[in-house]
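The block underneath contains the structure these notes are about, expressed in structure tokens.
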Amino acid sequence: MVKTNKLNVFNDPIYGFIGTPNELIFSLIAHPYFQRLRRISQMGLSYLVYPGAHHTRFSHALGSMHLMTKAIQVLKIKNVPITEEEEKGLLCAILLHDIGHGPFSHALEGFVAKEISHEQISLKFMQELNKEFNGQLDTAIAIFKGDYPKTFLNQLVSSQLDMDRLDYLKRDSFYSGVTEGNINSERLISMLNVVEGNLVLEEKAIYAVEKFLMARRFMYWQVYLHKTGLVAEQLLVRVMQRARLLLSKNTELTCSKPLLFFLKNNGTLKFNAEILKTFADLDDMDILGALKTWQFHEDFVLSKLCKMLLERRLLHVKVKKRALSTEKMEEKLNWIMEKHDLSIEEASNFVFQGEISNKAYSKDEAIKILKSNGKISDVLKESDQLSLKALAKTVTKYYSCYPKKAV
């Protein structure tokens, strides 16, 4: 009888070798629901800006779990009580925290399934997996929901200094090549502590925290909200909206069964086990396959939008402190309507406006600093960086997208 290997090691370019801490983690990683994350892009369509940004939610989940093992070790050394069951719950919660992401991650969030966030879908996946694993995820679910009595456990999974953020900033910086986003996650984790049930950072970590918050700001403006990535994701949403509209008019469209299901069911879906299973069959490949097929569709709007994405011939985009005037937008809208004999609704797929905002630090979920005298203080009060104070303010910018010389 051959003995089954219940432990595995993954070679990660960021941290080196990542092990599977226990058999439950091994089994969760091997599950089809989790393996699907290999086919979900971590950074949506950012690869159209940064060619190396092709990494997946799978590697991010493993990286976050790896950092969680380090955080647990640090806290245990500092005599913070964490039971074996709580440790297992933390690792499962962080491993599965993004399992509910849909195709291209945030790009199509709220479109594939309306009025339900990826966090809510993640919870539903965890609840279904809990049935399969005979209640072994009870603690993980309680921590994930914030229901567990020890607040700091939830803060390790979801807060302004959680293992999720510590991994994605470092990972996305590495794959995009934007070095300003690189953070010292090891230093931050080594300075973690718990006071009165809440996660804090020791005073010596103040400069690492400053770097972390500045890196987050840079990554949002320079990568996550980059204007080219922004217009690409807006075009992708409009492709799906157009496809849904055409289907509602009984126009024939060829695509995968899971995608067709969610395009036809555009209302609020009750995510039961059956729909969750259909969602688990949906990934980036369904969307890319549809784009490649629909580029030859007889509908001008659908065909043109698909070609623009596939060939990276995107709309011109301007990001400014003030929105472009209504007159200028109408002028561009009229031009595209006349050029291609389009209705105003059809032309609006090529001429549109919107806004983006960035807030690198929220005072509501303050990062607490444990001073040498034992007192607790907000990081903003302890920092001598004037620029750090500005990170707590929401910065809003406006984007305008319209055709270049020809569409």
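Simple scheme: letters A, B, ... for chains in structure tokens order, numbers from 1 for residues in each chain, numbers from 1 for ligands in the order shown.
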Counting only C-alpha atoms, which residues of range 270-376 of chain A fall within 8 Å of range 196-201 of chain A, and what is the closest atom pair for each with its distance in Å at one decimal, ordered by chain and rising number, as a Markdown table?
```
| residue | atom | partner | partner_atom | distance |
| --- | --- | --- | --- | --- |
| A:Ile367 | CA | A:Val200 | CA | 6.9 |
| A:Lys368 | CA | A:Val200 | CA | 5.0 |
| A:Ile369 | CA | A:Leu201 | CA | 4.9 |
| A:Leu370 | CA | A:Leu201 | CA | 5.8 |
```
Compile the contact shell of Glu109 in chain A as a list in words: residues with an atom at most 12 Å away, counting only C-alpha atoms, same-chain residues fewer than 3 positions apart removed. Gly44, Gly100, His101, Gly102, Pro103, Phe104, Ser105, His106, Val112, Ala113, Lys114, Glu115, Ile116, Ser117, His118, Glu119, Gln120, Ile121, Glu233, Gln234, Leu236, Val237 and Met240 of chain A
Would you output that residue set with N, CA and C atoms, as a JSON list (two decimals), in the first residue's frame?
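Dumped to again-v3.json:
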```json
[["chain", "number", "residue", "atom", "x", "y", "z"],
["A", 44, "GLY", "N", -6.28, 41.72, -12.14],
["A", 44, "GLY", "CA", -7.20, 42.04, -13.22],
["A", 44, "GLY", "C", -6.50, 42.17, -14.56],
["A", 100, "GLY", "N", -13.57, 33.71, -2.96],
["A", 100, "GLY", "CA", -14.80, 34.16, -3.61],
["A", 100, "GLY", "C", -14.61, 35.13, -4.76],
["A", 101, "HIS", "N", -13.37, 35.41, -5.12],
["A", 101, "HIS", "CA", -13.15, 36.33, -6.25],
["A", 101, "HIS", "C", -13.63, 35.73, -7.56],
["A", 102, "GLY", "N", -14.21, 36.59, -8.39],
["A", 102, "GLY", "CA", -14.66, 36.17, -9.72],
["A", 102, "GLY", "C", -13.59, 36.43, -10.76],
["A", 103, "PRO", "N", -13.91, 36.23, -12.04],
["A", 103, "PRO", "CA", -12.94, 36.43, -13.12],
["A", 103, "PRO", "C", -12.29, 37.81, -13.07],
["A", 104, "PHE", "N", -10.98, 37.84, -13.24],
["A", 104, "PHE", "CA", -10.19, 39.07, -13.23],
["A", 104, "PHE", "C", -10.37, 39.87, -11.94],
["A", 105, "SER", "N", -10.64, 39.16, -10.85],
["A", 105, "SER", "CA", -10.71, 39.73, -9.51],
["A", 105, "SER", "C", -11.66, 40.94, -9.44],
["A", 106, "HIS", "N", -11.12, 42.12, -9.11],
["A", 106, "HIS", "CA", -11.98, 43.28, -8.86],
["A", 106, "HIS", "C", -12.59, 43.86, -10.14],
["A", 112, "VAL", "N", -20.83, 40.07, -12.29],
["A", 112, "VAL", "CA", -21.16, 38.65, -12.45],
["A", 112, "VAL", "C", -22.31, 38.29, -11.52],
["A", 113, "ALA", "N", -22.19, 38.74, -10.26],
["A", 113, "ALA", "CA", -23.26, 38.51, -9.30],
["A", 113, "ALA", "C", -23.52, 39.83, -8.58],
["A", 114, "LYS", "N", -24.71, 40.38, -8.75],
["A", 114, "LYS", "CA", -25.03, 41.69, -8.18],
["A", 114, "LYS", "C", -25.27, 41.60, -6.68],
["A", 115, "GLU", "N", -24.97, 42.72, -6.01],
["A", 115, "GLU", "CA", -25.28, 42.91, -4.60],
["A", 115, "GLU", "C", -24.67, 41.85, -3.68],
["A", 116, "ILE", "N", -23.58, 41.28, -4.10],
["A", 116, "ILE", "CA", -22.86, 40.35, -3.22],
["A", 116, "ILE", "C", -21.36, 40.54, -3.48],
["A", 117, "SER", "N", -20.61, 40.77, -2.42],
["A", 117, "SER", "CA", -19.18, 41.03, -2.55],
["A", 117, "SER", "C", -18.39, 39.72, -2.60],
["A", 118, "HIS", "N", -17.13, 39.82, -2.99],
["A", 118, "HIS", "CA", -16.31, 38.61, -3.02],
["A", 118, "HIS", "C", -16.08, 38.06, -1.62],
["A", 119, "GLU", "N", -16.09, 38.95, -0.61],
["A", 119, "GLU", "CA", -15.95, 38.48, 0.78],
["A", 119, "GLU", "C", -17.15, 37.62, 1.18],
["A", 120, "GLN", "N", -18.34, 38.03, 0.77],
["A", 120, "GLN", "CA", -19.54, 37.26, 1.08],
["A", 120, "GLN", "C", -19.54, 35.91, 0.36],
["A", 121, "ILE", "N", -19.05, 35.91, -0.88],
["A", 121, "ILE", "CA", -18.96, 34.65, -1.62],
["A", 121, "ILE", "C", -17.89, 33.76, -1.00],
["A", 233, "GLU", "N", -10.41, 47.88, -17.75],
["A", 233, "GLU", "CA", -11.42, 47.23, -16.92],
["A", 233, "GLU", "C", -12.81, 47.79, -17.19],
["A", 234, "GLN", "N", -12.88, 49.10, -17.49],
["A", 234, "GLN", "CA", -14.17, 49.69, -17.84],
["A", 234, "GLN", "C", -14.70, 49.12, -19.16],
["A", 236, "LEU", "N", -14.02, 46.13, -20.28],
["A", 236, "LEU", "CA", -14.42, 44.75, -20.00],
["A", 236, "LEU", "C", -15.83, 44.71, -19.40],
["A", 237, "VAL", "N", -16.11, 45.63, -18.49],
["A", 237, "VAL", "CA", -17.45, 45.71, -17.90],
["A", 237, "VAL", "C", -18.48, 46.00, -18.99],
["A", 240, "MET", "N", -19.38, 42.96, -21.06],
["A", 240, "MET", "CA", -20.34, 42.10, -20.37],
["A", 240, "MET", "C", -21.74, 42.72, -20.34]]
```
If you count only C-alpha atoms, which residues fall within 7 Å of range 138-144 of chain A, apart from same-chain ones fewer than 2 positions away, as a list of chain:residue names?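 Near range 138-144 of chain A, the qualifying residues are A:Glu86, A:Gly89, A:Leu90, A:Cys92, A:Ala93, A:Met126, A:Gly135, A:Gln136, A:Gly146, A:Asp147, A:Tyr148, A:Leu153, A:Asn154, A:Val157.
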Those residues you just picked out, can you put them in a file as a PDB file, in the first residue's frame with C-alpha atoms?
```
ATOM      1  CA  GLU A  86      -7.077  28.931  16.832  1.00  0.00           C
ATOM      2  CA  GLY A  89      -8.494  28.530  12.195  1.00  0.00           C
ATOM      3  CA  LEU A  90      -6.225  31.479  11.375  1.00  0.00           C
ATOM      4  CA  CYS A  92      -7.615  28.330   7.062  1.00  0.00           C
ATOM      5  CA  ALA A  93      -9.254  31.767   7.246  1.00  0.00           C
ATOM      6  CA  MET A 126     -16.038  28.344   3.427  1.00  0.00           C
ATOM      7  CA  GLY A 135     -17.038  21.180  10.818  1.00  0.00           C
ATOM      8  CA  GLN A 136     -13.260  21.589  10.833  1.00  0.00           C
ATOM      9  CA  GLY A 146     -15.235  38.713  13.216  1.00  0.00           C
ATOM     10  CA  ASP A 147     -17.381  36.704  15.626  1.00  0.00           C
ATOM     11  CA  TYR A 148     -14.526  35.049  17.488  1.00  0.00           C
ATOM     12  CA  LEU A 153      -7.283  36.956  15.451  1.00  0.00           C
ATOM     13  CA  ASN A 154      -9.724  38.675  13.091  1.00  0.00           C
ATOM     14  CA  VAL A 157      -7.004  38.325   8.709  1.00  0.00           C
TER      15      VAL A 157
END
```
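Distance check against Ala205 in chain A using only C-alpha atoms: of A:Arg187, A:His97, A:Arg165, A:Lys332, the minimum falls on A:Arg187.
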Counting only C-alpha atoms, what is within 6 Å of range 17-22 of chain A, bar same-chain residues fewer than 5 positions away, as a list in words?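 What passes the distance filter is Leu7, Asn8, Val9, Phe10, Asn11 and Asp12 of chain A.
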DSSP-assigned strand (DSSP E) among range 179-338 of chain A, expressed as number ranges by chain: A: 192-195, 198-202, 316-320
Just C-alpha atoms for this one: save the residues we selected as a compact mmCIF listing (two decimals), in the first residue's frame.
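Written file, out-v9.txt:
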```txt
# COMPACT_ATOMS: atom_id res chain seq x y z
CA LEU A 192 3.60 42.53 16.18
CA ASN A 193 2.16 42.23 19.66
CA VAL A 194 -1.22 42.08 21.41
CA VAL A 195 -2.43 44.49 24.09
CA ASN A 198 -6.01 44.07 20.04
CA LEU A 199 -3.19 43.84 17.54
CA VAL A 200 -0.47 46.48 17.98
CA LEU A 201 2.98 47.22 16.63
CA GLU A 202 5.93 47.93 18.87
CA HIS A 316 -7.88 57.64 -24.73
CA VAL A 317 -8.16 58.35 -21.01
CA LYS A 318 -7.53 61.52 -19.00
CA VAL A 319 -7.35 61.61 -15.21
CA LYS A 320 -7.72 65.05 -13.65
```
Which of these residues is nearest to Lys328 in chain A, using only C-alpha atoms: A:Thr396, A:Ser348, A:Asp299, A:Tyr402?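 Closest residue, counting only C-alpha atoms: A:Tyr402.
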Contact residues around Ala290 in chain A with only C-alpha atoms at 10 Å, ignoring same-chain residues under 5 positions, as a list in words: Val239, Met240, Ala243, Leu253, Thr254, Cys255, Ser256, Leu259, Leu260, Asp284, Met285, Gln295 and Cys306 of chain A
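With only C-alpha atoms as the atoms that count, the residue of A:Glu298, A:Ala273, A:Leu129, A:Glu210 with the shortest distance to Leu246 in chain A is A:Glu298.
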Residues within 8 Å of Tyr224 in chain A, please, as a list in words. Count only C-alpha atoms; anything in the same chain fewer than 5 positions from it doesn't count.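 Residues near the query, excluding close chain neighbours: Met43, Ser46, Met219 and Gly229 of chain A.
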Output all heavy atoms of each residue in that selection to a file, as a JSON list (two decimals), in the first residue's frame.
```json
[["chain", "number", "residue", "atom", "x", "y", "z"],
["A", 43, "MET", "N", -4.35, 40.71, -10.40],
["A", 43, "MET", "CA", -4.40, 42.15, -10.66],
["A", 43, "MET", "C", -5.26, 42.51, -11.87],
["A", 43, "MET", "O", -5.00, 43.50, -12.56],
["A", 43, "MET", "CB", -2.98, 42.70, -10.83],
["A", 43, "MET", "CG", -2.16, 42.67, -9.55],
["A", 43, "MET", "SD", -0.44, 43.16, -9.81],
["A", 43, "MET", "CE", -0.62, 44.85, -10.36],
["A", 46, "SER", "N", -4.21, 44.47, -15.26],
["A", 46, "SER", "CA", -3.00, 45.29, -15.09],
["A", 46, "SER", "C", -1.84, 44.83, -15.95],
["A", 46, "SER", "O", -0.90, 45.58, -16.19],
["A", 46, "SER", "CB", -2.56, 45.30, -13.62],
["A", 46, "SER", "OG", -3.48, 46.01, -12.82],
["A", 219, "MET", "N", 1.24, 52.31, -4.72],
["A", 219, "MET", "CA", 0.71, 51.19, -5.49],
["A", 219, "MET", "C", -0.69, 51.48, -6.02],
["A", 219, "MET", "O", -1.03, 51.09, -7.14],
["A", 219, "MET", "CB", 0.70, 49.91, -4.64],
["A", 219, "MET", "CG", 2.08, 49.31, -4.43],
["A", 219, "MET", "SD", 2.86, 48.73, -5.97],
["A", 219, "MET", "CE", 1.91, 47.28, -6.32],
["A", 229, "GLY", "N", -4.97, 50.64, -17.06],
["A", 229, "GLY", "CA", -5.65, 49.50, -16.46],
["A", 229, "GLY", "C", -7.11, 49.84, -16.18],
["A", 229, "GLY", "O", -8.00, 49.01, -16.34]]
```
Nearest residue to Asp378 in chain A from the set A:Glu274, A:Arg322, A:Ile206, A:Asn265 (distances using only C-alpha atoms):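 The answer is A:Ile206, which sits nearest to Asp378 in chain A.
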Out of A:Leu305, A:Thr56, A:Phe300, A:Pro149, which residue has the shortest atom-to-atom distance to Leu342 in chain A when counting only C-alpha atoms? A:Phe300
